[in-house]
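What's in work-v7.cif: mmCIF, C-alpha atoms
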```
data_final
#
loop_
_atom_site.label_atom_id
_atom_site.label_comp_id
_atom_site.auth_asym_id
_atom_site.auth_seq_id
_atom_site.Cartn_x
_atom_site.Cartn_y
_atom_site.Cartn_z
CA MET J 1 -28.51 85.93 -38.22
CA ALA J 2 -31.33 83.69 -39.40
CA PRO J 3 -32.26 80.76 -37.11
CA ILE J 4 -30.57 77.45 -37.85
CA LEU J 5 -33.89 75.67 -37.33
CA GLN J 6 -37.40 76.97 -37.90
CA ALA J 7 -40.33 74.72 -37.00
CA ILE J 8 -43.44 76.46 -38.28
CA ASN J 9 -46.92 75.40 -37.11
CA LEU J 10 -46.08 71.70 -36.91
CA THR J 11 -49.13 69.52 -36.40
CA LYS J 12 -49.37 65.76 -35.99
CA ARG J 13 -52.54 63.73 -35.62
CA PHE J 14 -52.99 60.09 -34.71
CA GLY J 15 -56.57 59.26 -35.65
CA GLY J 16 -58.78 61.60 -33.64
CA LEU J 17 -55.93 62.64 -31.34
CA THR J 18 -53.90 65.76 -32.11
CA ALA J 19 -50.57 65.05 -30.41
CA ALA J 20 -48.94 68.31 -31.56
CA ASP J 21 -51.05 71.30 -32.52
CA SER J 22 -49.49 74.12 -34.58
CA VAL J 23 -46.23 74.21 -32.62
CA SER J 24 -43.58 76.70 -33.76
CA LEU J 25 -39.98 77.11 -32.60
CA ASP J 26 -36.87 78.94 -33.80
CA VAL J 27 -33.42 77.74 -32.74
CA ASN J 28 -30.35 79.95 -33.14
CA ALA J 29 -26.68 79.02 -33.33
CA GLY J 30 -25.19 78.16 -29.96
CA GLU J 31 -28.53 78.30 -28.14
CA VAL J 32 -29.72 75.79 -25.57
CA ILE J 33 -33.49 75.42 -25.61
CA GLY J 34 -35.13 73.67 -22.68
CA LEU J 35 -38.29 71.88 -23.86
CA VAL J 36 -40.53 71.00 -20.93
CA GLY J 37 -44.03 69.71 -20.29
CA ASP J 38 -45.82 66.99 -18.39
CA ASN J 39 -46.17 63.47 -19.78
CA GLY J 40 -48.44 63.58 -22.82
CA ALA J 41 -47.71 67.25 -23.49
CA GLY J 42 -46.55 66.50 -27.05
CA LYS J 43 -42.80 67.03 -26.58
CA SER J 44 -41.75 63.68 -28.03
CA THR J 45 -44.10 63.97 -31.00
CA PHE J 46 -42.81 67.46 -31.78
CA ILE J 47 -39.18 66.35 -31.56
CA LYS J 48 -39.78 63.24 -33.66
CA MET J 49 -41.14 65.44 -36.44
CA ILE J 50 -37.93 67.46 -36.40
CA ALA J 51 -35.90 64.23 -36.29
CA GLY J 52 -37.70 62.79 -39.31
CA VAL J 53 -39.41 59.96 -37.45
CA TYR J 54 -42.88 61.42 -38.04
CA ARG J 55 -44.07 63.33 -41.07
CA PRO J 56 -46.10 66.40 -40.01
CA ASP J 57 -49.70 66.56 -41.13
CA ASP J 58 -49.36 70.34 -41.36
CA GLY J 59 -46.59 72.88 -41.03
CA GLU J 60 -43.05 73.26 -42.27
CA ILE J 61 -39.48 72.77 -41.07
CA ARG J 62 -36.67 74.95 -42.36
CA PHE J 63 -33.01 74.18 -41.70
CA ASN J 64 -30.52 76.90 -42.55
CA GLY J 65 -33.34 78.67 -44.33
CA GLN J 66 -34.17 75.73 -46.62
CA PRO J 67 -37.31 73.55 -46.42
CA VAL J 68 -36.65 70.07 -45.06
CA ALA J 69 -37.89 67.15 -47.15
CA PHE J 70 -39.34 64.46 -44.90
CA ASN J 71 -37.48 61.40 -46.15
CA GLY J 72 -36.83 59.71 -42.83
CA PRO J 73 -34.34 59.99 -39.95
CA ARG J 74 -31.28 59.18 -42.07
CA ALA J 75 -31.96 62.11 -44.41
CA VAL J 76 -32.40 64.42 -41.41
CA ARG J 77 -29.11 63.21 -39.90
CA ASP J 78 -27.39 63.88 -43.21
CA LEU J 79 -28.50 67.51 -42.87
CA GLY J 80 -26.77 67.70 -39.50
CA ILE J 81 -29.70 67.20 -37.10
CA GLU J 82 -28.76 64.53 -34.55
CA THR J 83 -31.07 63.15 -31.86
CA ILE J 84 -29.86 61.35 -28.74
CA TYR J 85 -32.71 59.34 -27.23
CA GLN J 86 -32.83 57.99 -23.69
CA ASP J 87 -31.60 54.54 -24.75
CA LEU J 88 -28.54 56.21 -26.42
CA ALA J 89 -28.50 53.54 -29.18
CA LEU J 90 -25.07 52.29 -28.12
CA ALA J 91 -23.78 48.75 -28.63
CA GLU J 92 -22.68 47.63 -25.17
CA ASN J 93 -20.44 44.83 -26.46
CA LEU J 94 -18.36 47.22 -28.60
CA ASP J 95 -15.69 49.70 -27.57
CA VAL J 96 -15.82 53.49 -27.68
CA GLY J 97 -14.35 53.86 -31.15
CA ALA J 98 -16.65 51.24 -32.65
CA ASN J 99 -19.68 53.02 -31.17
CA ILE J 100 -18.70 56.44 -32.48
CA PHE J 101 -18.39 54.91 -35.96
CA LEU J 102 -21.31 52.51 -35.59
CA GLY J 103 -22.79 51.94 -39.04
CA ARG J 104 -20.19 54.22 -40.65
CA GLU J 105 -17.02 52.24 -40.02
CA ILE J 106 -13.74 53.25 -41.66
CA LYS J 107 -12.56 50.44 -43.89
CA SER J 108 -9.24 49.60 -45.45
CA ARG J 109 -9.35 48.12 -48.94
CA TYR J 110 -6.92 45.68 -50.49
CA LEU J 111 -6.57 44.06 -53.90
CA GLY J 112 -8.48 46.76 -55.67
CA GLY J 113 -11.26 46.73 -53.11
CA LEU J 114 -11.91 42.99 -53.23
CA ILE J 115 -10.90 42.66 -49.59
CA GLN J 116 -12.13 45.12 -46.96
CA THR J 117 -11.29 45.24 -43.27
CA VAL J 118 -12.38 47.61 -40.51
CA ASN J 119 -9.60 50.09 -39.73
CA ARG J 120 -9.85 50.02 -35.92
CA PRO J 121 -6.65 51.97 -35.19
CA ARG J 122 -7.81 54.92 -37.30
CA MET J 123 -11.29 54.80 -35.73
CA LEU J 124 -9.76 54.95 -32.25
CA GLU J 125 -7.46 57.78 -33.30
CA GLU J 126 -10.29 59.90 -34.71
CA SER J 127 -12.48 59.07 -31.71
CA ALA J 128 -9.75 60.30 -29.37
CA THR J 129 -9.54 63.57 -31.33
CA THR J 130 -13.29 64.14 -31.04
CA LEU J 131 -13.31 63.36 -27.31
CA THR J 132 -10.44 65.78 -26.77
CA ARG J 133 -12.32 68.51 -28.63
CA LEU J 134 -15.18 68.10 -26.16
CA ASN J 135 -12.85 67.73 -23.16
CA ILE J 136 -14.22 64.25 -22.51
CA LYS J 137 -11.93 62.02 -20.46
CA ILE J 138 -12.37 58.25 -20.78
CA PRO J 139 -9.41 56.23 -19.44
CA SER J 140 -9.43 53.61 -22.20
CA LEU J 141 -11.20 53.81 -25.54
CA THR J 142 -10.80 50.07 -26.07
CA GLN J 143 -13.05 49.07 -23.17
CA GLN J 144 -16.58 47.95 -23.90
CA ILE J 145 -19.42 50.43 -23.44
CA ARG J 146 -21.02 48.20 -20.80
CA ASN J 147 -18.08 48.97 -18.51
CA LEU J 148 -18.57 52.76 -18.67
CA SER J 149 -20.57 54.89 -16.25
CA GLY J 150 -23.88 56.44 -17.28
CA GLY J 151 -22.23 59.84 -17.72
CA GLN J 152 -19.47 58.37 -19.87
CA ARG J 153 -22.03 56.63 -22.07
CA GLN J 154 -23.85 59.92 -22.60
CA ALA J 155 -20.50 61.49 -23.45
CA VAL J 156 -19.84 58.83 -26.10
CA ALA J 157 -23.30 59.39 -27.62
CA ILE J 158 -22.65 63.15 -27.73
CA ALA J 159 -19.18 62.65 -29.20
CA ARG J 160 -20.68 60.48 -31.94
CA THR J 161 -23.00 63.29 -33.03
CA ILE J 162 -20.20 65.85 -33.07
CA HIS J 163 -17.83 63.61 -34.99
CA TRP J 164 -20.41 63.47 -37.77
CA ASN J 165 -20.65 67.28 -37.89
CA ALA J 166 -23.93 67.79 -36.08
CA ARG J 167 -25.35 71.27 -36.67
CA LEU J 168 -28.15 70.74 -34.13
CA VAL J 169 -28.34 68.22 -31.27
CA ILE J 170 -31.60 67.10 -29.66
CA MET J 171 -31.21 65.39 -26.28
CA ASP J 172 -34.07 63.45 -24.69
CA GLU J 173 -33.77 63.26 -20.86
CA PRO J 174 -29.94 63.07 -20.94
CA THR J 175 -29.51 63.07 -17.15
CA ALA J 176 -32.29 60.62 -16.26
CA ALA J 177 -31.06 57.95 -13.80
CA LEU J 178 -27.63 59.57 -13.45
CA GLY J 179 -25.92 60.50 -10.20
CA VAL J 180 -25.24 64.12 -9.31
CA ALA J 181 -21.61 64.07 -10.50
CA GLN J 182 -22.56 62.41 -13.79
CA GLN J 183 -25.38 64.91 -14.31
CA HIS J 184 -22.87 67.71 -13.94
CA GLU J 185 -20.60 66.11 -16.55
CA VAL J 186 -23.43 65.85 -19.07
CA LEU J 187 -24.58 69.44 -18.48
CA THR J 188 -21.00 70.62 -18.91
CA LEU J 189 -20.96 68.88 -22.29
CA VAL J 190 -24.19 70.62 -23.26
CA ARG J 191 -22.57 73.98 -22.54
CA THR J 192 -19.44 72.92 -24.44
CA LEU J 193 -21.56 72.23 -27.51
CA SER J 194 -23.23 75.62 -27.09
CA ASP J 195 -19.87 77.39 -26.74
CA GLN J 196 -18.77 75.77 -30.00
CA GLY J 197 -21.84 77.13 -31.79
CA VAL J 198 -23.86 73.90 -31.84
CA PRO J 199 -27.43 74.53 -30.61
CA VAL J 200 -29.08 72.00 -28.32
CA ILE J 201 -32.73 71.22 -27.69
CA LEU J 202 -32.87 69.68 -24.21
CA ILE J 203 -35.97 67.70 -23.21
CA SER J 204 -36.05 67.22 -19.45
CA HIS J 205 -38.33 66.87 -16.46
CA ASN J 206 -35.51 68.03 -14.19
CA MET J 207 -35.97 71.75 -13.54
CA GLN J 208 -32.51 72.09 -12.05
CA ASP J 209 -30.95 70.85 -15.30
CA VAL J 210 -33.19 73.04 -17.45
CA PHE J 211 -32.35 76.22 -15.57
CA ALA J 212 -28.66 75.32 -15.31
CA VAL J 213 -27.98 75.32 -19.06
CA SER J 214 -30.94 76.76 -20.99
CA ASP J 215 -31.02 80.14 -22.68
CA ARG J 216 -34.74 79.82 -23.39
CA ILE J 217 -37.40 77.54 -21.98
CA VAL J 218 -40.33 76.39 -24.14
CA VAL J 219 -43.37 74.90 -22.41
CA MET J 220 -45.86 72.49 -23.99
CA ARG J 221 -49.20 71.36 -22.61
CA ARG J 222 -51.83 69.14 -24.24
CA GLY J 223 -50.10 69.28 -27.60
CA LYS J 224 -49.74 73.05 -27.71
CA LYS J 225 -46.91 75.45 -27.07
CA VAL J 226 -48.22 77.48 -24.14
CA GLY J 227 -45.21 79.58 -23.26
CA GLU J 228 -41.66 80.62 -24.05
CA ARG J 229 -39.41 82.40 -21.58
CA GLU J 230 -35.81 83.51 -21.28
CA ALA J 231 -34.32 81.35 -18.54
CA LYS J 232 -32.79 84.34 -16.76
CA LYS J 233 -36.11 86.18 -16.68
CA THR J 234 -38.36 83.47 -15.30
CA THR J 235 -38.65 81.15 -12.31
CA PRO J 236 -39.41 77.47 -11.75
CA ASP J 237 -42.77 78.48 -10.31
CA GLU J 238 -43.76 80.31 -13.49
CA ILE J 239 -42.64 77.42 -15.70
CA VAL J 240 -44.58 74.90 -13.61
CA SER J 241 -47.69 77.08 -13.71
CA LEU J 242 -47.48 77.07 -17.51
CA MET J 243 -47.00 73.31 -17.53
CA VAL J 244 -50.01 72.49 -15.38
CA GLY J 245 -52.21 75.40 -16.40
CA ALA J 246 -53.26 78.50 -14.51
CA GLU J 247 -56.57 76.92 -13.57
CA ALA J 248 -54.81 73.99 -11.92
CA VAL J 249 -52.51 76.32 -9.98
CA HIS J 250 -55.56 78.29 -8.81
CA GLU J 251 -57.25 75.12 -7.58
CA MET J 252 -54.12 74.01 -5.69
CA GLY J 253 -53.67 77.44 -4.16
CA VAL J 254 -49.88 77.11 -4.19
CA ILE J 255 -47.49 75.10 -6.28
CA PRO J 256 -46.37 72.05 -4.31
CA ARG J 257 -42.74 72.06 -3.23
CA ALA J 258 -42.05 68.89 -5.24
CA LEU J 259 -43.04 70.82 -8.37
CA SER J 260 -41.54 74.21 -7.63
CA GLY J 261 -38.20 73.27 -6.08
CA ILE J 262 -35.44 73.00 -8.64
CA GLN J 263 -33.92 70.16 -6.66
CA GLU J 264 -36.85 67.95 -7.60
CA SER J 265 -37.61 66.18 -10.85
CA LEU J 266 -41.09 66.79 -12.21
#
```

Take the structure from the file and write it as structure tokens.
Amino acid sequence: MAPILQAINLTKRFGGLTAADSVSLDVNAGEVIGLVGDNGAGKSTFIKMIAGVYRPDDGEIRFNGQPVAFNGPRAVRDLGIETIYQDLALAENLDVGANIFLGREIKSRYLGGLIQTVNRPRMLEESATTLTRLNIKIPSLTQQIRNLSGGQRQAVAIARTIHWNARLVIMDEPTAALGVAQQHEVLTLVRTLSDQGVPVILISHNMQDVFAVSDRIVVMRRGKKVGEREAKKTTPDEIVSLMVGAEAVHEMGVIPRALSGIQESL
């Protein structure tokens, strides 16, 4: 089958700086791609081009075999490409249902449409259905987001993308600042999406997370894609050596434990 997403030689420049330099990536249905690299490697720039935030200076994006017109993030979301950033973009003073429908509320119309009200019961009902599909358990959907744990907030953000028929989900550091149990919950959700045929691009500095769920690992360094490996056929040491460069590894002699151990965040 043809890839769901094809990023072909994407390049983005900011003045004299080339933040992403001819980066290519294919993403297949149900695949989890771990995208790794040190700070400044170009990961965020590359992802923001796919998400419609940046317009590439060169290159092409194809989604389901068709060229993507760069008309902003909303147009990309309408295609089915959803991005979950670190801040999650949740409204903490609203409940679960309101956040899943944030900006796309279901409304009831009266008097020929002259009067409109938000249909909260239906929003909660549909939210519950989506959460059940993903096996997400939140005791009460009427509680405000601020009262949920970090893992539950990530779950709500993921559920929002799936409710709106995401065909590809991009997750930026989804387990950052979460406890071990909450990290496990989020990674389980990533695999649930994969099992349901929804591919995920996972950006993370946590090698344990990357190896736990990824089918392939793509490494960027200084704006370039410098390696791509099947997760089952590589090691954390090899991935780190690609991230920092062979010359740096040679100078260090050995990869420090803090970099090579999968229990550590890079």

Original post:
From the set J:Gly42, J:Gly80, J:Pro67, J:Gly227, which residue has the shortest atom-to-atom contact distance to Met243 of chain J, counting all atoms listed in the file?
Top reply: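 Smallest distance to Met243 of chain J is found for J:Gly227.
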
Original post:
Closest to Glu126 of chain J among J:Phe63, J:Trp164, J:Phe70, J:Tyr110, using all atoms listed in the file?
Top reply: J:Trp164

Original post:
Given the file above and the PyMOL selection byres ((chain J and resi 175) around 12), which residues are selected, and can you give them as a PyMOL selection string?
Top reply: chain J and resi 84-88+150-155+171-174+176-190+202-210+265

Could you give me, as a PDB file with C-alpha atoms, in the coordinates of the input, the residues within 8 Å of His163 of chain J, counting all atoms listed in the file and dropping anything in the same chain fewer than 4 positions from it?
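Contents of result_19.pdb, freshly written:
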```pdb
ATOM      1  CA  ILE J 100     -18.700  56.440 -32.480  1.00  0.00           C
ATOM      2  CA  SER J 127     -12.480  59.070 -31.710  1.00  0.00           C
ATOM      3  CA  THR J 130     -13.290  64.140 -31.040  1.00  0.00           C
ATOM      4  CA  ALA J 159     -19.180  62.650 -29.200  1.00  0.00           C
TER       5      ALA J 159
END
```

Taking the file above as input, evaluate the PyMOL selection byres ((chain J and resi 34) around 7) and report the hits as a CSV table (one decimal) with C-alpha atoms, in the coordinates of the input.
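selection.csv, written as the output of this step:
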```csv
chain,number,residue,atom,x,y,z
J,32,VAL,CA,-29.7,75.8,-25.6
J,33,ILE,CA,-33.5,75.4,-25.6
J,35,LEU,CA,-38.3,71.9,-23.9
J,36,VAL,CA,-40.5,71.0,-20.9
J,201,ILE,CA,-32.7,71.2,-27.7
J,202,LEU,CA,-32.9,69.7,-24.2
J,203,ILE,CA,-36.0,67.7,-23.2
J,210,VAL,CA,-33.2,73.0,-17.4
J,214,SER,CA,-30.9,76.8,-21.0
J,216,ARG,CA,-34.7,79.8,-23.4
J,217,ILE,CA,-37.4,77.5,-22.0
J,218,VAL,CA,-40.3,76.4,-24.1
```

Original post:
Mind telling me what the PyMOL selection byres ((chain J and resi 101) around 12) catches here, as a VMD selection string?
Top reply: chain J and resid 90 to 91 94 to 100 102 to 107 118 to 120 122 to 127 130 156 to 157 159 to 164

**OP:** Find the residues with any atom within 7 Å of (-54.1, 64.6, -25.1); use all atoms listed in the file and the coordinates as given in the file, and write the answer as number ranges by chain.
**Re:** J: 17, 19, 40, 222-223

**OP:** Would you mind telling me which residue in J:Arg167, J:Ala212, J:Ile61, J:Arg221 lies nearest to Thr235 of chain J when using all atoms listed in the file?
**Re:**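 Of the candidates, the smallest distance to Thr235 of chain J is held by J:Ala212.
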
Subject >> Atom pair atom CA of Asn165 of chain J / atom CA of Val198 of chain J: separation (Å) >> reply: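 According to the coordinates, atom CA of Asn165 of chain J and atom CA of Val198 of chain J are separated by 9.5 Å.
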
**OP:** Extract, using only C-alpha atoms, all DNA, RNA and protein residues at most 7 Å from Ala20 of chain J, discarding same-chain residues fewer than 6 positions from it, and format them as a list in words.
**Re:**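 The residues satisfying every condition are Leu10, Thr11, Lys12, Gly42, Thr45, Phe46, Gly223 and Lys224 of chain J.
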
**OP:** Compare J:Val226, J:Ile115, J:Ala69, J:Ile81 by their minimum atom-to-atom distance to Ile47 of chain J, counting only C-alpha atoms, and give me the closest one.
**Re:**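 Residue with the minimum atom-to-atom distance to Ile47 of chain J: J:Ile81.
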
Original post:
Between J:Glu92, J:Leu79, J:Pro3, J:Lys233, which is the closest to Ala29 of chain J once you count all atoms listed in the file?
Top reply: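 That would be J:Pro3, the residue with the smallest distance to Ala29 of chain J.
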
Original post:
In Å, how far is it from atom CA of Glu31 of chain J to atom CA of Asn135 of chain J?
Top reply: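 Atom-to-atom, atom CA of Glu31 of chain J and atom CA of Asn135 of chain J are spaced 19.6 Å apart.
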
Centre and edge lengths of an axis-aligned box around all listed atoms of segment 218-237 of chain J, with 8 Å added on each side, are to be given in Å to one decimal, as lines of an AutoDock Vina configuration file.
```
center_x = -42.3
center_y = 77.7
center_z = -19.0
size_x = 35.0
size_y = 33.0
size_z = 33.4
```

Subject >> Pairwise distance for atom CA of Phe211 of chain J and atom CA of Pro236 of chain J, rounded to one decimal in Å >> reply: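 These two atoms are separated by 8.1 Å.
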
Original post:
Between J:Val200, J:Ile158, J:Val219, J:Val240, which one has atoms that come closest to Leu134 of chain J, using all atoms listed in the file?
Top reply: J:Ile158

**OP:** Around the point (-37.0, 72.7, -39.6) in the file's coordinates, collect all residues with an atom within 10 Å, using only C-alpha atoms, and return them as an NGL selection string.
**Re:** :J and (3-8 or 10 or 24-27 or 49-52 or 59-69 or 76 or 81)
